[in-house]
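Enquirer: Quick one: structure below, then a few questions.
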Amino acid sequence: MPKFYITTSIPYVNAKPHIGHALEFVQADVIARHRKMRGEQVKMTTGGDENSLKIVLAAEKLGKSAAELCEENSGRFKELAEMIELDYDAFVRTSIDPGHKKVAQALWKACDGAGDIYKKKYGGLYCVGCELFYTENELDGGLCPEHKTKPEFVEEENYFFRLSKYQGRLLELIESDQVKIIPDFRKTEMLNFIKSGLSDFSISRSISRSHGWGLKVPGDESQIIYVWFDALGTYLTGVGFASDQKEFDKYWPADMHVVGKGILRFHAIYWIAMLMSAKIKLPKSILVHGYVTVDGQKMSKSIGNVVDPIELVKKYGAEPIRYYLMKEISTFQDGDFSETKLRDVINNELVGNLGNFVNRTFVFINSKLDGRLAETGLGEGALLMKEIHDLVDLADKLLEEGQLNFAILKILEISSMGNRYFQENEPWKLVKEGDNEAAREVLFVCANIARILGIMLYPFMPCASEELLAQIGEKPGPIGDAKKIAASFEISKPRLLFSKVE
RNA sequence: AGCGAGGUAGGGUAGCCUGGAGUGCCCGCCGGGCUCAUAACCCGGAGAUCGGAGGUUCAAAUCCUUCCCUCGCUACCA
C-alpha cells in the first residue's frame with residue numbers, strides 16, 4: 001500500500017488561531033482524505049511552534065510564563081484542528097514534545113558533522129517584534145516597517161549554517177521538480193531568489209536574547225537553537241526520527257508540506273539545504289497557499305477584523321466553513337472571507353443546490369415510491385451518467401494536482417446536473433399519470449447521482465458525506481466506487497444535510 | 001528599483017500556456033415555467049469597447065511590444 005505523508009506548517013502560538021490557519025488545516029485535510037480514498041496509507045502531522053522569542057514577549061505582556069501561554073494557545077490550535085475536522089496523527093509542540101528536543105539536536109549535530117555549522121560574529125539593527133535584523137534601507141524612517149519601533153543595535157556571536165554551499169544543488173532540485181513547488185509561479189520566485197545569491201544564515205541566538213526560552217545548542221549552553229531550525233524539525237519528529245526508526249523509514253520523506261506563501265523560503269531553501277547537509281531524504285513537494293483577507297482588508301489586530309475560526313465553526317458548523325474555504329478561496333492565491341458571502345454560499349449552494357437535490361431525490365423515493373428502488377437501468381440517463389463519471393475523473397485529477405477549488409466546483413456541477421435532470425424529467429408527473437416504472441427509472445438515475453455526490457464530497461465535507469451515504473445504507477469508500485452504479489436503493493429516513501441561515 | 005501576481009458585464013471568478021463568433025461558473029437584477037423539494041428547482045433575458053495603445057494573423061481576452069493602474073515579496077509573517 002503506498003504511503004502519503006503530509007504536514008501542515010506549525011503556527012506560532014503567540015496568539016489565537018485565525019481564519020488563515022483554518023484554511024491551511026482544511027487544505028491539508030482535503031488532500032489527505034483524498035489520498036485515503038485512493039487507498040494510500042496517510043499520515044498527517046501538525047503542531048505548535050513554541051520556542052520563539054515572540055512567545056516569551058507575548059507571555060510577559062500577559063503576566064504569564066511562556067510555558068503557560070504555549071499550553072493555552074496550543075490548546076486552542078488543537079481545538080481548532082478538532083473542530084474543523086482535521087484528521088491528524090500527531091500534534092508536535094516544540095517546547096514540550098520529548099522526542100522533538102532529540103530531533104532538533106540530532107539534526108544540528110548532523111549538520112555540524114557535515115562541516116556546515118560555524119561561529120561568526122554578527123551585528124545589526126534588530127527588531128524584537130520581528131525577531132530579525134534589518135538593514136538600513138529596509139527601515140522606514142529609522143523604524144521597523146512592521147512595528148514602527150526603533151530597532152536596537154545588537155551584536156553577538158552566533159552559529160551560522162553554510163547555506164551558500166548548497167546554492168547550485170538547490171537550484172537543480174527545484175528546477176527539475178525533484179522538490180516540486182506548487183504552483184509554478186512560486187517555483188519561479190524561489191528560483192529567482194536562489195539565483196540572486198544565497199548567504200549563510202544564523203541558526204542560533206544568545207541565551208540572553210532568547211530570555212532562556214528554547215532548545216539549547218548541543219555542546220554550547222550559551223546558545224539557543226534558532227526557532228526555524230527547530231520548528232522545521234517537527235516534520236521529522238512527527239514520524240519518529242531519532243526515536244522510531246521503523247516508523248520513520250516507512251513514512252519519510254514527506255510527500256507534501258502545505259505552507260503559506262510567507263514561509264515558503266524556509267521550506268524550499270533552508271529546510272532542503274539542512275536536510276541535504278544532514279543527509280536525510282528530501283520532501284517531494286511543497287504546496288503553497290495565499291493569505292485570507294477579510295471583507296477585502298488585510299486581517300490585523302489594529303483594524304480589529306481578525307476572524308476567529310472557532311467562533312465561526314460554533315456558529316455555522318465545520319462543514320460550511322470547510323466548503324467556503326475550499327470553494328471561495330483560490331487554492332494558491334489570496335482570497336477573501338466575508339460572513340455575508342458565507343451565508344449566501346450556505347443558502348444558495350449547500351442548501352439550494354446540493355442539499356436540495358439530495359433531499360428531493362430521497363424524499364420522492366420515500367413518499368412516492370415506497371422508499372425502495374430496484375435496479376432499473378439508467379435508460380435515457382446513461383448519457384448523463386457518462387458525463388458525470390467524466391467529472392468524477394476530472395475532480396480526482398484536480399485533487400491530485402492540489403487544485404482544490406476547481407475540484408469542488410466540478411462536484412457541485414454534478415449536483416446541478418442532477419437538479420436539471422430531475423426537473424426535465426418531471427417524475428412527479430409520471431407518478432400522477434400512473435407510470436411508476438418510468439418514475440422509478442428517473443429516480444434510479446438521481447439516486448445514483450446523489451450517491452456519487454456522497455462519495456465525492458468526502459474530502460471536503462466528511463460529515464455531510466457520511467450523513468448522505470448513511471441514508472442509503474452506505475459509508476464513504478474508495479474513490480473507485482463513485483463510478484460503479486449501485487444496484488438498488490433503500491431510503492431509510494430522509495434528513496436534511498444543511499439548514500438555511502437567516 | 002528588482003522580481004512576482006493581477007486588471008474579463010453591478011460584484012466575485014474561470015478561460016489565456018496549446019489563437020477561431022465574448023464562451024462558462026457563483027451572486028445580484030428582470031421575465032417566464034414547475035410544484036417532487038429547505039419559497040428550494042428549471043428556462044430565458046438585460047448588462048462587457050475582455051486596463052490603454054500599437055503589432056503579428058484570414059482570425060487576438062488568448063501571441064509579441066509598450067504604457068497605465070492595483071497588490072505581494074525583496075533574508076526569517078498561515
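Letters A, B, ... go to the chains of the C-alpha cells in the order shown; residues in each chain start at 1; ligands are counted from 1 in the same order.
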Using only C-alpha atoms (C1' of nucleotides), I'd like every residue of chain B that has an atom within 8 Å of chain A; please write them out as a list in words.

Expert: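 That gives C3, G4, C27, C34, C36, A37, U38, A40, C41, C42, C76, C77 and A78 of chain B for chain B.
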
Enquirer: For the selection just defined, write its residues with N, CA and C atoms (P, O5', C5', C4', C3', O3' and C1' of nucleotides) to a file, as a PDB file, in the first residue's frame.

Expert:
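Writing done, so here's result.pdb:
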```
ATOM      1  P     C B   3      13.116  42.743 -13.265  1.00  0.00           P
ATOM      2  O5'   C B   3      12.481  41.618 -12.329  1.00  0.00           O
ATOM      3  C5'   C B   3      13.239  40.463 -11.998  1.00  0.00           C
ATOM      4  C4'   C B   3      12.530  39.683 -10.926  1.00  0.00           C
ATOM      5  C3'   C B   3      11.074  39.324 -11.206  1.00  0.00           C
ATOM      6  O3'   C B   3      10.933  38.239 -12.090  1.00  0.00           O
ATOM      7  C1'   C B   3      11.236  40.147  -9.022  1.00  0.00           C
ATOM      8  P     G B   4       9.626  38.192 -13.043  1.00  0.00           P
ATOM      9  O5'   G B   4       8.478  37.837 -12.004  1.00  0.00           O
ATOM     10  C5'   G B   4       8.518  36.604 -11.296  1.00  0.00           C
ATOM     11  C4'   G B   4       7.435  36.582 -10.264  1.00  0.00           C
ATOM     12  C3'   G B   4       6.027  36.823 -10.777  1.00  0.00           C
ATOM     13  O3'   G B   4       5.471  35.687 -11.403  1.00  0.00           O
ATOM     14  C1'   G B   4       6.353  38.079  -8.819  1.00  0.00           C
ATOM     15  P     C B  27     -25.527  30.673  -6.928  1.00  0.00           P
ATOM     16  O5'   C B  27     -25.171  32.104  -6.326  1.00  0.00           O
ATOM     17  C5'   C B  27     -26.095  33.117  -6.336  1.00  0.00           C
ATOM     18  C4'   C B  27     -25.434  34.365  -5.811  1.00  0.00           C
ATOM     19  C3'   C B  27     -26.283  35.603  -6.022  1.00  0.00           C
ATOM     20  O3'   C B  27     -27.257  35.694  -5.000  1.00  0.00           O
ATOM     21  C1'   C B  27     -24.093  36.061  -6.747  1.00  0.00           C
ATOM     22  P     C B  34     -46.382  25.921 -15.395  1.00  0.00           P
ATOM     23  O5'   C B  34     -45.467  24.966 -14.518  1.00  0.00           O
ATOM     24  C5'   C B  34     -44.930  23.765 -15.077  1.00  0.00           C
ATOM     25  C4'   C B  34     -44.003  23.118 -14.088  1.00  0.00           C
ATOM     26  C3'   C B  34     -44.651  22.759 -12.754  1.00  0.00           C
ATOM     27  O3'   C B  34     -45.317  21.511 -12.837  1.00  0.00           O
ATOM     28  C1'   C B  34     -42.602  23.849 -12.354  1.00  0.00           C
ATOM     29  P     C B  36     -46.013  18.044  -6.205  1.00  0.00           P
ATOM     30  O5'   C B  36     -44.706  17.506  -5.448  1.00  0.00           O
ATOM     31  C5'   C B  36     -44.569  16.128  -5.148  1.00  0.00           C
ATOM     32  C4'   C B  36     -43.101  15.855  -4.962  1.00  0.00           C
ATOM     33  C3'   C B  36     -42.391  16.889  -4.119  1.00  0.00           C
ATOM     34  O3'   C B  36     -42.615  16.607  -2.758  1.00  0.00           O
ATOM     35  C1'   C B  36     -41.078  16.354  -6.002  1.00  0.00           C
ATOM     36  P     A B  37     -42.784  17.776  -1.694  1.00  0.00           P
ATOM     37  O5'   A B  37     -41.280  18.289  -1.532  1.00  0.00           O
ATOM     38  C5'   A B  37     -40.277  17.445  -0.958  1.00  0.00           C
ATOM     39  C4'   A B  37     -38.936  18.121  -1.107  1.00  0.00           C
ATOM     40  C3'   A B  37     -38.917  19.545  -0.546  1.00  0.00           C
ATOM     41  O3'   A B  37     -38.519  19.494   0.815  1.00  0.00           O
ATOM     42  C1'   A B  37     -38.009  19.504  -2.744  1.00  0.00           C
ATOM     43  P     U B  38     -39.342  20.240   1.929  1.00  0.00           P
ATOM     44  O5'   U B  38     -38.427  21.493   2.182  1.00  0.00           O
ATOM     45  C5'   U B  38     -38.790  22.486   3.137  1.00  0.00           C
ATOM     46  C4'   U B  38     -37.670  23.488   3.153  1.00  0.00           C
ATOM     47  C3'   U B  38     -37.436  24.154   1.805  1.00  0.00           C
ATOM     48  O3'   U B  38     -37.880  25.496   1.904  1.00  0.00           O
ATOM     49  C1'   U B  38     -35.435  23.539   2.912  1.00  0.00           C
ATOM     50  P     A B  40     -35.494  30.549  -1.545  1.00  0.00           P
ATOM     51  O5'   A B  40     -34.667  29.223  -1.772  1.00  0.00           O
ATOM     52  C5'   A B  40     -34.701  28.589  -2.997  1.00  0.00           C
ATOM     53  C4'   A B  40     -34.392  27.134  -2.791  1.00  0.00           C
ATOM     54  C3'   A B  40     -34.162  26.390  -4.092  1.00  0.00           C
ATOM     55  O3'   A B  40     -32.804  26.471  -4.466  1.00  0.00           O
ATOM     56  C1'   A B  40     -35.799  25.256  -2.848  1.00  0.00           C
ATOM     57  P     C B  41     -32.420  26.999  -5.885  1.00  0.00           P
ATOM     58  O5'   C B  41     -33.035  25.874  -6.809  1.00  0.00           O
ATOM     59  C5'   C B  41     -32.603  24.520  -6.695  1.00  0.00           C
ATOM     60  C4'   C B  41     -33.362  23.680  -7.689  1.00  0.00           C
ATOM     61  C3'   C B  41     -33.282  24.199  -9.116  1.00  0.00           C
ATOM     62  O3'   C B  41     -32.118  23.727  -9.783  1.00  0.00           O
ATOM     63  C1'   C B  41     -35.536  23.794  -8.549  1.00  0.00           C
ATOM     64  P     C B  42     -31.422  24.606 -10.878  1.00  0.00           P
ATOM     65  O5'   C B  42     -32.450  24.492 -12.099  1.00  0.00           O
ATOM     66  C5'   C B  42     -32.655  23.245 -12.757  1.00  0.00           C
ATOM     67  C4'   C B  42     -33.678  23.429 -13.841  1.00  0.00           C
ATOM     68  C3'   C B  42     -33.377  24.549 -14.826  1.00  0.00           C
ATOM     69  O3'   C B  42     -32.497  24.122 -15.851  1.00  0.00           O
ATOM     70  C1'   C B  42     -35.616  24.733 -14.107  1.00  0.00           C
ATOM     71  P     C B  76      14.216  39.259   7.818  1.00  0.00           P
ATOM     72  O5'   C B  76      13.247  38.260   8.571  1.00  0.00           O
ATOM     73  C5'   C B  76      12.041  37.853   7.936  1.00  0.00           C
ATOM     74  C4'   C B  76      11.953  36.363   8.023  1.00  0.00           C
ATOM     75  C3'   C B  76      11.557  35.851   9.405  1.00  0.00           C
ATOM     76  O3'   C B  76      10.163  35.653   9.421  1.00  0.00           O
ATOM     77  C1'   C B  76      13.486  34.688   8.577  1.00  0.00           C
ATOM     78  P     C B  77       9.144  35.811  10.481  1.00  0.00           P
ATOM     79  O5'   C B  77       7.926  34.873  10.037  1.00  0.00           O
ATOM     80  C5'   C B  77       6.860  34.562  10.927  1.00  0.00           C
ATOM     81  C4'   C B  77       5.594  35.248  10.515  1.00  0.00           C
ATOM     82  C3'   C B  77       4.729  34.469   9.542  1.00  0.00           C
ATOM     83  O3'   C B  77       3.801  33.657  10.221  1.00  0.00           O
ATOM     84  C1'   C B  77       4.990  36.710   8.815  1.00  0.00           C
ATOM     85  P     A B  78       3.979  32.094  10.286  1.00  0.00           P
ATOM     86  O5'   A B  78       2.636  31.549   9.648  1.00  0.00           O
ATOM     87  C5'   A B  78       2.253  30.237   9.957  1.00  0.00           C
ATOM     88  C4'   A B  78       1.319  29.751   8.891  1.00  0.00           C
ATOM     89  C3'   A B  78       1.696  30.245   7.500  1.00  0.00           C
ATOM     90  O3'   A B  78       2.636  29.396   6.883  1.00  0.00           O
ATOM     91  C1'   A B  78      -0.592  30.638   7.910  1.00  0.00           C
TER      92        A B  78
END
```

Enquirer: Give me, as a count of residues only, the residues of region 131-375 of chain A that a backbone DSSP run labels alpha helix (DSSP H).

Expert: 85

Enquirer: I'd like to know which of B:G15, B:G47, B:G55, B:G6 is closest to G28 (chain B), using only C-alpha atoms (C1' of nucleotides).

Expert: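 Ranked by minimum distance to G28 (chain B), first place goes to B:G47.
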
Enquirer: How many Å separate CA of Tyr251 (chain A) from CA of Val92 (chain A)?

Expert: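 According to the coordinates, CA of Tyr251 (chain A) and CA of Val92 (chain A) are separated by 16.1 Å.
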
Enquirer: Just give me the gap between CA of Glu40 (chain A) and CA of Leu173 (chain A) in Å, one decimal is fine.

Expert: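 CA of Glu40 (chain A) sits 25.7 Å away from CA of Leu173 (chain A).
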
Enquirer: Considering only C-alpha atoms, state which residue in the set A:Asp112, A:Asp393, A:Asp249, A:Asp97 is at the smallest distance from Ala278 (chain A).

Expert: A:Asp112

Enquirer: Write out as a VMD selection string which residues come within 12 Å of Glu311 (chain A) when counting only C-alpha atoms (C1' of nucleotides), dropping same-chain ones fewer than 4 positions away.

Expert: chain A and resid 16 to 19 22 76 79 to 80 83 to 84 306 to 307 315 to 318 321 339

Enquirer: Write out as a count of residues only the set of residues from region 228-343 of chain A that DSSP, computed on the backbone, places in strand (DSSP E).

Expert: 18

Enquirer: Can you list, as a ChimeraX atom specification, every protein, DNA or RNA residue that comes within 10 Å of Leu107 (chain A) when you count only C-alpha atoms (C1' of nucleotides), leaving out same-chain residues fewer than 6 positions away?

Expert: /A:101,113,229-230,233,236,241-242,274-275,277-280

Enquirer: Of the residues A:Pro476, A:Gly75, A:Pro283, A:Gly379, which is the one nearest to Tyr235 (chain A), using only C-alpha atoms?

Expert: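 Ranked by minimum distance to Tyr235 (chain A), first place goes to A:Pro283.
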
Enquirer: Might you pull out every residue within 12 Å of C50 (chain B), with only C-alpha atoms (C1' of nucleotides) counted and same-chain residues fewer than 4 positions away left off, and present them as a ChimeraX atom specification?

Expert: /B:7-9,15-16,22-23,60-62

Enquirer: Which residues, written as number ranges by chain, have at least one atom at most 12 Å from G45 (chain B), with only C-alpha atoms (C1' of nucleotides) counted and residues fewer than 3 positions away on the same chain left out?

Expert: B: 29-32

Enquirer: Keeping only N, CA and C atoms (P, O5', C5', C4', C3', O3' and C1' of nucleotides), take the residues you just selected and write them out as a PDB file, in the first residue's frame.

Expert:
```pdb
ATOM      1  P     C B  29     -31.783  40.438  -6.378  1.00  0.00           P
ATOM      2  O5'   C B  29     -31.930  41.212  -7.771  1.00  0.00           O
ATOM      3  C5'   C B  29     -31.749  42.622  -7.826  1.00  0.00           C
ATOM      4  C4'   C B  29     -31.907  43.105  -9.241  1.00  0.00           C
ATOM      5  C3'   C B  29     -33.131  42.564  -9.973  1.00  0.00           C
ATOM      6  O3'   C B  29     -34.301  43.278  -9.636  1.00  0.00           O
ATOM      7  C1'   C B  29     -31.244  42.402 -11.385  1.00  0.00           C
ATOM      8  P     C B  30     -35.700  42.494  -9.615  1.00  0.00           P
ATOM      9  O5'   C B  30     -36.048  42.337 -11.165  1.00  0.00           O
ATOM     10  C5'   C B  30     -36.290  43.486 -11.968  1.00  0.00           C
ATOM     11  C4'   C B  30     -36.538  43.057 -13.395  1.00  0.00           C
ATOM     12  C3'   C B  30     -37.571  41.945 -13.574  1.00  0.00           C
ATOM     13  O3'   C B  30     -38.889  42.431 -13.536  1.00  0.00           O
ATOM     14  C1'   C B  30     -35.664  41.451 -14.872  1.00  0.00           C
ATOM     15  P     G B  31     -40.072  41.473 -13.048  1.00  0.00           P
ATOM     16  O5'   G B  31     -40.197  40.418 -14.227  1.00  0.00           O
ATOM     17  C5'   G B  31     -40.827  40.794 -15.445  1.00  0.00           C
ATOM     18  C4'   G B  31     -40.707  39.698 -16.462  1.00  0.00           C
ATOM     19  C3'   G B  31     -41.346  38.356 -16.115  1.00  0.00           C
ATOM     20  O3'   G B  31     -42.759  38.344 -16.267  1.00  0.00           O
ATOM     21  C1'   G B  31     -39.228  37.994 -17.055  1.00  0.00           C
ATOM     22  P     G B  32     -43.631  37.355 -15.381  1.00  0.00           P
ATOM     23  O5'   G B  32     -43.339  35.928 -16.040  1.00  0.00           O
ATOM     24  C5'   G B  32     -43.904  35.595 -17.304  1.00  0.00           C
ATOM     25  C4'   G B  32     -43.284  34.321 -17.831  1.00  0.00           C
ATOM     26  C3'   G B  32     -43.625  33.030 -17.089  1.00  0.00           C
ATOM     27  O3'   G B  32     -44.909  32.530 -17.414  1.00  0.00           O
ATOM     28  C1'   G B  32     -41.309  33.082 -17.530  1.00  0.00           C
TER      29        G B  32
END
```

Enquirer: Name the closest residue to G72 (chain B) among the candidates A:Glu380, A:Trp252, A:Lys298, A:Gly99; distances are taken between atoms, counting only C-alpha atoms (C1' of nucleotides).

Expert: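 Closest to G72 (chain B) of all the choices is A:Lys298.
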
Enquirer: CA of Gly381 (chain A) and CA of Ile449 (chain A), how far apart in Å?

Expert: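 Between these atoms lies a distance of 10.3 Å.
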
Enquirer: Counting only C-alpha atoms, which residue out of A:Ser488, A:Thr45, A:Gln178, A:Ser95 sits closest to Ala81 (chain A)?

Expert: A:Thr45

Enquirer: Which residue is closest to Arg169 (chain A)? Choose from A:Ala273, A:Met190, A:Val239, A:Val103 and count only C-alpha atoms.

Expert: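 Closest to Arg169 (chain A) of all the choices is A:Ala273.
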